[in-house]
Amino acid sequence: MRVNNDNYVLINNLIEQLKKEKKLTFKQYKILLEKAYPLLSSKEDNIYNLGLSVICHVAESKPKDTFIQQLLYDCIVASRVFLYSDMYEKMEKDFKENISTSFMDLLSKEFYTLDTETVLTRDQKRLFDDFQAHRRLVVSAPTSFGKSRIISEIIAHNTYRNIAIILPTIALLNETYHKFKGYDYLFDYNFIISMAQPVTEEKNIFILTPEKMDMILDQYPNLEIDFFTMDEIYKIQDDSDRSPIFTHCLYRLTKKRADFYLIGPYFDGFSKEFLKQTGAVFRKYNAEIVQKDTIDIHSLPYNESYTIENMTFKRRKDKDINLFNVLKSLNGQSLVYLGQRGRVEGKAKKISQSRDRKYDTDLISYIKENIHSEWSLAEFLEKGVAFHHSAIPKHIQTEIVEAFNNDRIDVLVCTSTLTEGVNTSAKNVIIYDNFKGKSDSFLSGFDVKNIKGRAGRFLSHFLGRVILLEKVTEEKDKGTIEFSYYDNEELETEATIQIDKEDLVGKNLERRNIAESELNRQKIPFHIIKANKFIPVYNQVQFINYLRNNQLLLSTMIFKGSLPNKSQLSTMVGLCHQYLFNDRDATDRTISIGNLQRLTNFYIYRSPLIKELIREQDGKQIDTKVRTTFYLISHYFEFALPRYLTIFENLFNFVYEEKYKRKEGINLKPLITKLEFGYISKHQIALKEAGVPVNIISKISDRFTDCENIDDIRLKISLDAKVLQGLSSFEIKILKKYI
Amino acid sequence: MKALKGRIKNLIFKFNLSSTLTSEKHPFTLDYENGSYRQRELVKIIKDSVIHFALTPDEIKKWKESDDFGEMERKAWDRISKAHKYSKGDYGELLLFLMLSVFFPTNKFVTKVRLRSSKKDQIKGFDCAHFTVEQGQTYLWLGEAKFHNSFSNAIAGAIESIEEHCEIDYLNDEISILSSNIEINEEFPHYEALNDLLNGGVSLDKIKIKIPVLLTYDSALLKKYDSIEDAEFLLNMEKDF
């Protein structure tokens with residue numbers, strides 16, 4: 001269908017006027033909706049999108065006239081996004097009474113209603129049908145599309161035995177897990193969100209990060225997966241630290257010959273070779289069902305006026321003043337994006353100082369009691385402000401997002417950790433910084449689009465509002481996502497040793513052969529090196545040779561009992577730092593290696609509470625100490641050290657056996673478990689893996705010593721009323737969320 | 001749609017009235033099968049036609065491709081009729097369209113027309129809103145369909161509605177014509193031209209309006225006979241009118 005140019009201009013002008021004046025005359029509304037109506041049956045995304053834009057802008061302005069409401073409803077039916085009508089009814093109670101709906105309208109709605117009673121949008125339905133037809137699908141679709149909703153529908157409408165859902169962050173795992181648990185039609189599946197849970201014969205749904213999924217595949221080499229999905233799929237190419245593991249996990253899962261559904265926002269294409277090898281189909285969707293309204297304050301000249309929600313301000317030189325003005329005027333929940341952790345905390349402080357509203361949430365007293373009475377987050381929460389970044393413990397992150405989504409706070413200052421995948425009910429997004437991480441690493445056009453995409457949530461908002469306080473790159477989609485294993489002709493040695501040899505050609509095969517023959521010459525079995533994924537082969541060989549030449553060290557590292565002694569542990573961490581740490585960890589200025597050794601010992605042999613660990617940090621500022629502690633726990637204890645120490649153990653035992661022809665070298669499993677989970681016994685680990693915070697575990701864990709796993713614990717909680725005595729109601733609420 | 005038209009031709013029969021009626025009036029009846037009047041078949045036809053009005057050509061294609069097409073349809077009807085027990089008006093709309101298509105064989109372009117008259121501040125959709133192009137002249141058909149037990153009730157209802165329609169106050173009433181992308185429109189030969197006309201903001205002044213009215217009622221005669229071939233049946237039907 002074509003849109004004649006006059007109509008196009010007319011529609012756009014009316015939308016602009018509506019944005020500015022918040023309402024139109026009856027005639028203007030009528031013309032706008034009449035013109036939009038035919039656009040909504042267009043097959044072309046940009047025309048359809050213009051039609052959606054009319055629906056969203058008109059709905060946002062809540063026209064009172066019933067005739068206009070009727071035309072709006074007719075447009076909604078034509079758009080096939082039937083849930084718009086439900087959304088409108090939420091805002092305007094009389095809507096359904098004011099309009100007349102026909103049998104034909106209802107029947108077309110039925111076409112978008114699945115057996116599970118889920119009503120899909122036009123594009124969701126197309127996507128769902130595409131999956132049912134092709135079974136292997138790579139999809140690029142906007143943030144607000146509702147891509148993950150389709151996952152549960154795919155599972156419900158097919159008969160899969162084992163399913164893997166791979167997500168980039170723990171926050172997303174939790175969100176997905178809780179959502180899926182709520183779907184009745186998935187009741188007969190066993191959800192696995194941690195390594196310690198029992199895997200049943202079939203009917204498992206693994207909801208894991210790629211790192212954990214990779215481990216599961218190591219642990220159960222014969223596990224059959226017949227459907228898997230990966231979210232934020234662009235991370236196989238564009239994640240500075242984790243691209244290799246994303247790629248590898250995808251590679252291994254495709255080798256299972258399963259159906260799959262790979263999703264991500266805003267990219268134009270996907271590796272041709274990958275599509276060819278797997279017989280998959282790529283689809284791109286562009287229509288935004290939550291439309292965006294951008295106010296660019298940065299590009300205004302100084303002292304020029306602008307209006308938000310009926311309040312008019314002048315653009316000032318001082319960015320903070322602009323920020324406070326904007327926040328003063330906005331209705332609804334607002335995210336403020338900043339580029340670094342420290343800046344996020346600082347800005348939250350300034351914002352909270354500019355407000356005097358008193359908020360009250362259970363989270364405040366919980367934080368004061370369990371983390372630190374003077375940690376500024378508690379103080380900010382009282383003003384309705386919070387901050388969010390990767391080094392905040394996961395359960396606190398979850399509570400912050402929940403408080404935000406439940407209107408108990410209304411400003412959330414955040415880094416890309418939030419904007420890259422956590423769903424919130426934010427109506428507004430304010431972009432304060434134009435960089436991510438380092439101050440010279442500017443946001444790409446894709447980053448900008450992704451951050452903007454967080455404004456407005458389908459089913460809650462028709463329009464998301466974006467406010468720019470900084471000059472940002474023009475938003476742009478990514479090009480074609482490459483799958484390096486098939487597309488990169490010059491892979492790193494570390495990658496070539498992970499790929500099946502029949503998938504290697506040219507230089508990559510050459511590189512692999514060189515690595516094999518070099519390892520052969522060094523008398524190091526290939527599988528020893530391969531097991532230590534993505535640790536540079538050179539470093540591993542160097543470390544092996546160091547151990548081979550230090551016989552004394554071999555014997556001094558041997559220990560009896562479950563844990564090494566303090567000096568052994570310090571030596572191990574030191575050697576890991578010297579040989580195995582990646583560049584970023586090796587040059588970490590937040591925590592020096594000396595401090596890391598000291599704090600690791602303190603953590604392992606004293607089992608401190610979080611507040612005690614905070615006390616041990618250098619520095620004067622409470623906030624800095626808290627931030628460093630969280631980073632220490634989430635990065636080193638729970639993630640990096642377990643990984644390095646596993647490799648240490650592998651390589652050490654290889655050399656030990658080579659030297660003494662004896663298998664019993666060292667066993668670091670208990671140490672690693674203790675680092676990762678803070679505990680050693682099964683019931684405590686089960687609680688920790690489920691996501692229960694440490695301080696709650698400490699209070700109740702002695703009541704579950706007879707429990708083997710989380711199912712036992714669940715059973716005991718439901719049958720033994722006394723088992724949770726002594727917890728506050730807020731603590732019980734948190735606990736129940738994870739159990 | 002073609003098959004449907006065939007089924008209608010085999011079900012609904014026009015008969016001649018030698019009466020003194022002046023304006024266009026067309027009596028119809030269903031035929032009989034094994035001695036019983038074929039109401040059920042009529043219900044089926046209406047049911048089967050709904051999809052052609054509700055879905056776009058692409059949607060129909062997909063709907064039919066799905067393996068359990070019949071099952072889907074059954075479920076859809078089930079859910080709708082449970083949730084909306086009292087909305088029966090649309091069936092009349094469909095029957096009216098079907099009869100117009102079979103017995104007044106000009107291609108029709110189906111739209112939604114919304115009216116709010118300044119007298120009654122109430123939104124009204126028409127039972128029939130079609131465009132035809134006949135000898136270069138565009139006609140808008142704004143029709144009425146009445147399902148009643150008795151003929152006189154049907155007529156009274158229809159007259160009331162027609163009066164209302166004819167009172168359209170072109171200056172003060174609000175009328176909106178929305179051209180919809182449904183399957184039937186695909187066959188319409190003047191699709192582009194008419195679509196442009198509607199998109200360009202149509203003025204009702206330039207368009208002639210036809211008002212088809214469908215009256216249905218339960219005739220007591222139907223139970224007495226078992227064939228429409230029966231000469232006495234036709235005679236009595238004439239009297240009935």
# chains A, B, ... in the order shown; residues from 1 in each chain; ligands from 1
>>> residues_around(residues="A:Phe704", least_positions_apart="6", cutoff="12 Å", atoms="only C-alpha atoms", output="PyMOL selection string")
chain A and resi 681-687+697-698+710-717+720+722-724
>>> closest_atom_pairs(of="chain B", to="chain A", cutoff="10 Å", atoms="only C-alpha atoms", output="JSON lines")
{"residue": "B:Val50", "atom": "CA", "partner": "A:Met104", "partner_atom": "CA", "distance": 6.6}
{"residue": "B:Ile51", "atom": "CA", "partner": "A:Leu107", "partner_atom": "CA", "distance": 7.4}
{"residue": "B:His52", "atom": "CA", "partner": "A:Met104", "partner_atom": "CA", "distance": 9.2}
{"residue": "B:Phe53", "atom": "CA", "partner": "A:Met104", "partner_atom": "CA", "distance": 6.5}
{"residue": "B:Ala54", "atom": "CA", "partner": "A:Met104", "partner_atom": "CA", "distance": 4.5}
{"residue": "B:Leu55", "atom": "CA", "partner": "A:Ser108", "partner_atom": "CA", "distance": 5.7}
{"residue": "B:Thr56", "atom": "CA", "partner": "A:Ser41", "partner_atom": "CA", "distance": 8.4}
{"residue": "B:Asp58", "atom": "CA", "partner": "A:Lys43", "partner_atom": "CA", "distance": 9.9}
{"residue": "B:Glu59", "atom": "CA", "partner": "A:Phe111", "partner_atom": "CA", "distance": 8.0}
{"residue": "B:Ile60", "atom": "CA", "partner": "A:Phe111", "partner_atom": "CA", "distance": 9.4}
{"residue": "B:Lys62", "atom": "CA", "partner": "A:Asp129", "partner_atom": "CA", "distance": 8.5}
{"residue": "B:Trp63", "atom": "CA", "partner": "A:Phe111", "partner_atom": "CA", "distance": 7.6}
{"residue": "B:Ser66", "atom": "CA", "partner": "A:Asp129", "partner_atom": "CA", "distance": 9.2}
{"residue": "B:Met72", "atom": "CA", "partner": "A:Phe111", "partner_atom": "CA", "distance": 8.4}
{"residue": "B:Glu73", "atom": "CA", "partner": "A:Phe111", "partner_atom": "CA", "distance": 8.8}
{"residue": "B:Lys75", "atom": "CA", "partner": "A:Asp115", "partner_atom": "CA", "distance": 8.7}
{"residue": "B:Ala76", "atom": "CA", "partner": "A:Glu110", "partner_atom": "CA", "distance": 5.7}
{"residue": "B:Trp77", "atom": "CA", "partner": "A:Leu107", "partner_atom": "CA", "distance": 7.7}
{"residue": "B:Arg79", "atom": "CA", "partner": "A:Glu110", "partner_atom": "CA", "distance": 8.4}
{"residue": "B:Ile80", "atom": "CA", "partner": "A:Leu106", "partner_atom": "CA", "distance": 6.9}
{"residue": "B:Ser81", "atom": "CA", "partner": "A:Phe103", "partner_atom": "CA", "distance": 9.4}
{"residue": "B:His84", "atom": "CA", "partner": "A:Phe103", "partner_atom": "CA", "distance": 8.7}
{"residue": "B:Ser87", "atom": "CA", "partner": "A:Phe103", "partner_atom": "CA", "distance": 7.2}
{"residue": "B:Lys88", "atom": "CA", "partner": "A:Phe103", "partner_atom": "CA", "distance": 8.0}
{"residue": "B:Gly89", "atom": "CA", "partner": "A:Phe103", "partner_atom": "CA", "distance": 8.4}
{"residue": "B:Asp90", "atom": "CA", "partner": "A:Phe103", "partner_atom": "CA", "distance": 6.0}
{"residue": "B:Tyr91", "atom": "CA", "partner": "A:Phe103", "partner_atom": "CA", "distance": 8.4}
{"residue": "B:Leu94", "atom": "CA", "partner": "A:Met104", "partner_atom": "CA", "distance": 9.9}
{"residue": "B:Lys112", "atom": "CA", "partner": "A:Asp74", "partner_atom": "CA", "distance": 8.7}
{"residue": "B:Arg114", "atom": "CA", "partner": "A:Leu71", "partner_atom": "CA", "distance": 8.1}
{"residue": "B:Leu115", "atom": "CA", "partner": "A:Phe67", "partner_atom": "CA", "distance": 8.4}
{"residue": "B:Arg116", "atom": "CA", "partner": "A:Phe67", "partner_atom": "CA", "distance": 7.0}
{"residue": "B:Asp121", "atom": "CA", "partner": "A:Thr66", "partner_atom": "CA", "distance": 9.1}
{"residue": "B:Gln122", "atom": "CA", "partner": "A:Phe67", "partner_atom": "CA", "distance": 8.2}
{"residue": "B:Ile123", "atom": "CA", "partner": "A:Phe67", "partner_atom": "CA", "distance": 6.4}
{"residue": "B:Lys124", "atom": "CA", "partner": "A:Ser100", "partner_atom": "CA", "distance": 7.8}
{"residue": "B:Gly125", "atom": "CA", "partner": "A:Ser100", "partner_atom": "CA", "distance": 7.9}
{"residue": "B:Glu174", "atom": "CA", "partner": "A:Phe67", "partner_atom": "CA", "distance": 8.2}
{"residue": "B:Ile175", "atom": "CA", "partner": "A:Phe67", "partner_atom": "CA", "distance": 9.4}
{"residue": "B:Ser176", "atom": "CA", "partner": "A:Glu34", "partner_atom": "CA", "distance": 7.2}
{"residue": "B:Ile177", "atom": "CA", "partner": "A:Glu34", "partner_atom": "CA", "distance": 7.5}
{"residue": "B:Leu178", "atom": "CA", "partner": "A:Glu34", "partner_atom": "CA", "distance": 6.3}
{"residue": "B:Ser179", "atom": "CA", "partner": "A:Pro38", "partner_atom": "CA", "distance": 6.5}
{"residue": "B:Ser180", "atom": "CA", "partner": "A:Pro38", "partner_atom": "CA", "distance": 6.7}
{"residue": "B:Asn181", "atom": "CA", "partner": "A:Ser41", "partner_atom": "CA", "distance": 6.3}
{"residue": "B:Ile182", "atom": "CA", "partner": "A:Ser41", "partner_atom": "CA", "distance": 9.3}
{"residue": "B:Glu192", "atom": "CA", "partner": "A:Met1", "partner_atom": "CA", "distance": 9.5}
{"residue": "B:Asn195", "atom": "CA", "partner": "A:Pro38", "partner_atom": "CA", "distance": 8.7}
{"residue": "B:Asp196", "atom": "CA", "partner": "A:Asn4", "partner_atom": "CA", "distance": 8.6}
{"residue": "B:Leu198", "atom": "CA", "partner": "A:Lys35", "partner_atom": "CA", "distance": 9.0}
{"residue": "B:Asn199", "atom": "CA", "partner": "A:Lys35", "partner_atom": "CA", "distance": 6.3}
{"residue": "B:Gly200", "atom": "CA", "partner": "A:Asn7", "partner_atom": "CA", "distance": 7.8}
{"residue": "B:Gly201", "atom": "CA", "partner": "A:Ile31", "partner_atom": "CA", "distance": 8.1}
>>> residues_around(residues="B:Glu229", least_positions_apart="4", cutoff="10 Å", atoms="only C-alpha atoms", output="PDB file with all heavy atoms, in the first residue's frame")
ATOM      1  N   ASP B  31     -35.422 -23.088   0.983  1.00  0.00           N
ATOM      2  CA  ASP B  31     -36.164 -24.256   0.505  1.00  0.00           C
ATOM      3  C   ASP B  31     -36.231 -25.332   1.598  1.00  0.00           C
ATOM      4  O   ASP B  31     -35.780 -25.136   2.721  1.00  0.00           O
ATOM      5  CB  ASP B  31     -35.586 -24.788  -0.810  1.00  0.00           C
ATOM      6  CG  ASP B  31     -34.286 -25.503  -0.601  1.00  0.00           C
ATOM      7  OD1 ASP B  31     -33.706 -25.385   0.517  1.00  0.00           O
ATOM      8  OD2 ASP B  31     -33.839 -26.188  -1.529  1.00  0.00           O
ATOM      9  N   TYR B  32     -36.837 -26.437   1.222  1.00  0.00           N
ATOM     10  CA  TYR B  32     -37.018 -27.538   2.184  1.00  0.00           C
ATOM     11  C   TYR B  32     -36.102 -28.693   1.818  1.00  0.00           C
ATOM     12  O   TYR B  32     -35.680 -28.842   0.679  1.00  0.00           O
ATOM     13  CB  TYR B  32     -38.457 -28.039   2.142  1.00  0.00           C
ATOM     14  CG  TYR B  32     -39.477 -27.065   2.692  1.00  0.00           C
ATOM     15  CD1 TYR B  32     -40.013 -26.071   1.885  1.00  0.00           C
ATOM     16  CD2 TYR B  32     -39.898 -27.179   4.013  1.00  0.00           C
ATOM     17  CE1 TYR B  32     -40.954 -25.188   2.387  1.00  0.00           C
ATOM     18  CE2 TYR B  32     -40.846 -26.304   4.516  1.00  0.00           C
ATOM     19  CZ  TYR B  32     -41.374 -25.312   3.701  1.00  0.00           C
ATOM     20  OH  TYR B  32     -42.305 -24.454   4.205  1.00  0.00           O
ATOM     21  N   TYR B 225     -46.132 -26.611   4.997  1.00  0.00           N
ATOM     22  CA  TYR B 225     -45.726 -27.170   3.699  1.00  0.00           C
ATOM     23  C   TYR B 225     -44.395 -27.896   3.811  1.00  0.00           C
ATOM     24  O   TYR B 225     -43.687 -27.804   4.821  1.00  0.00           O
ATOM     25  CB  TYR B 225     -45.628 -26.056   2.655  1.00  0.00           C
ATOM     26  CG  TYR B 225     -46.967 -25.400   2.420  1.00  0.00           C
ATOM     27  CD1 TYR B 225     -47.346 -24.276   3.154  1.00  0.00           C
ATOM     28  CD2 TYR B 225     -47.862 -25.938   1.489  1.00  0.00           C
ATOM     29  CE1 TYR B 225     -48.574 -23.686   2.978  1.00  0.00           C
ATOM     30  CE2 TYR B 225     -49.116 -25.349   1.304  1.00  0.00           C
ATOM     31  CZ  TYR B 225     -49.463 -24.229   2.049  1.00  0.00           C
ATOM     32  OH  TYR B 225     -50.679 -23.663   1.871  1.00  0.00           O
ATOM     33  N   PHE B 233     -48.347 -23.157  -1.802  1.00  0.00           N
ATOM     34  CA  PHE B 233     -47.409 -22.502  -0.893  1.00  0.00           C
ATOM     35  C   PHE B 233     -47.110 -21.087  -1.381  1.00  0.00           C
ATOM     36  O   PHE B 233     -47.204 -20.103  -0.631  1.00  0.00           O
ATOM     37  CB  PHE B 233     -46.108 -23.329  -0.802  1.00  0.00           C
ATOM     38  CG  PHE B 233     -44.978 -22.631  -0.084  1.00  0.00           C
ATOM     39  CD1 PHE B 233     -45.003 -22.496   1.305  1.00  0.00           C
ATOM     40  CD2 PHE B 233     -43.883 -22.123  -0.775  1.00  0.00           C
ATOM     41  CE1 PHE B 233     -43.961 -21.863   1.975  1.00  0.00           C
ATOM     42  CE2 PHE B 233     -42.856 -21.497  -0.117  1.00  0.00           C
ATOM     43  CZ  PHE B 233     -42.885 -21.367   1.270  1.00  0.00           C
ATOM     44  N   LEU B 234     -46.773 -20.998  -2.671  1.00  0.00           N
ATOM     45  CA  LEU B 234     -46.420 -19.697  -3.228  1.00  0.00           C
ATOM     46  C   LEU B 234     -47.602 -18.729  -3.156  1.00  0.00           C
ATOM     47  O   LEU B 234     -47.452 -17.559  -2.825  1.00  0.00           O
ATOM     48  CB  LEU B 234     -45.947 -19.854  -4.669  1.00  0.00           C
ATOM     49  CG  LEU B 234     -44.559 -20.497  -4.786  1.00  0.00           C
ATOM     50  CD1 LEU B 234     -44.195 -20.699  -6.255  1.00  0.00           C
ATOM     51  CD2 LEU B 234     -43.499 -19.676  -4.082  1.00  0.00           C
TER      52      LEU B 234
END
>>> select_by_dssp(residues="stretch 6-239 of chain B", states="alpha helix (DSSP H)", output="count of residues only")
99
>>> select_by_dssp(residues="stretch 20-174 of chain B", states="strand (DSSP E)", output="number ranges by chain")
B: 28-30, 32-33, 36-37, 109-116, 123-125, 128-134, 137-147, 174
>>> write_last_selection(atoms="C-alpha atoms", output="PDB file, in the first residue's frame")
ATOM      1  CA  PHE B  28     -37.278 -14.720  -0.527  1.00  0.00           C
ATOM      2  CA  THR B  29     -37.615 -18.002   1.234  1.00  0.00           C
ATOM      3  CA  LEU B  30     -35.394 -20.933   2.033  1.00  0.00           C
ATOM      4  CA  TYR B  32     -37.018 -27.538   2.184  1.00  0.00           C
ATOM      5  CA  GLU B  33     -35.057 -30.711   2.516  1.00  0.00           C
ATOM      6  CA  SER B  36     -38.125 -29.677   6.755  1.00  0.00           C
ATOM      7  CA  TYR B  37     -37.259 -26.068   6.339  1.00  0.00           C
ATOM      8  CA  PHE B 109     -16.529  -2.725  -1.285  1.00  0.00           C
ATOM      9  CA  VAL B 110     -17.047  -3.203   2.416  1.00  0.00           C
ATOM     10  CA  THR B 111     -16.257  -0.474   4.920  1.00  0.00           C
ATOM     11  CA  LYS B 112     -17.043   0.563   8.418  1.00  0.00           C
ATOM     12  CA  VAL B 113     -19.245   3.609   8.689  1.00  0.00           C
ATOM     13  CA  ARG B 114     -19.665   5.272  12.037  1.00  0.00           C
ATOM     14  CA  LEU B 115     -22.339   7.824  12.656  1.00  0.00           C
ATOM     15  CA  ARG B 116     -23.109  10.001  15.588  1.00  0.00           C
ATOM     16  CA  ILE B 123     -22.434   6.002  18.231  1.00  0.00           C
ATOM     17  CA  LYS B 124     -23.999   3.935  15.536  1.00  0.00           C
ATOM     18  CA  GLY B 125     -22.517   1.534  13.086  1.00  0.00           C
ATOM     19  CA  CYS B 128     -24.465  -2.539   6.003  1.00  0.00           C
ATOM     20  CA  ALA B 129     -21.862  -0.116   4.721  1.00  0.00           C
ATOM     21  CA  HIS B 130     -20.791  -0.907   1.195  1.00  0.00           C
ATOM     22  CA  PHE B 131     -19.663   0.991  -1.800  1.00  0.00           C
ATOM     23  CA  THR B 132     -20.494   0.111  -5.359  1.00  0.00           C
ATOM     24  CA  VAL B 133     -19.477   1.785  -8.542  1.00  0.00           C
ATOM     25  CA  GLU B 134     -22.217   1.598 -11.158  1.00  0.00           C
ATOM     26  CA  GLN B 137     -21.318   6.682 -10.178  1.00  0.00           C
ATOM     27  CA  THR B 138     -20.283   5.799  -6.639  1.00  0.00           C
ATOM     28  CA  TYR B 139     -23.002   4.581  -4.321  1.00  0.00           C
ATOM     29  CA  LEU B 140     -22.844   4.111  -0.614  1.00  0.00           C
ATOM     30  CA  TRP B 141     -25.191   1.439   0.667  1.00  0.00           C
ATOM     31  CA  LEU B 142     -26.284   2.161   4.197  1.00  0.00           C
ATOM     32  CA  GLY B 143     -28.525  -0.695   5.099  1.00  0.00           C
ATOM     33  CA  GLU B 144     -30.655  -2.158   7.798  1.00  0.00           C
ATOM     34  CA  ALA B 145     -31.345  -5.727   8.737  1.00  0.00           C
ATOM     35  CA  LYS B 146     -34.102  -6.736  11.117  1.00  0.00           C
ATOM     36  CA  PHE B 147     -34.632 -10.150  12.618  1.00  0.00           C
ATOM     37  CA  GLU B 174     -20.407  13.141  12.519  1.00  0.00           C
TER      38      GLU B 174
END
>>> atom_distance(atom1="atom CA of A:Val694", atom2="atom CA of A:Ile633")
11.6 Å
>>> residues_around(residues="A:Tyr605", least_positions_apart="5", cutoff="12 Å", atoms="only C-alpha atoms", output="list in words")
Ser562, Leu563, Pro564, Asn565, Lys566, Ser567, Leu569, Arg598, Leu599, Thr600, Leu671, Lys674, Leu675, Gly678 and Tyr679 of chain A
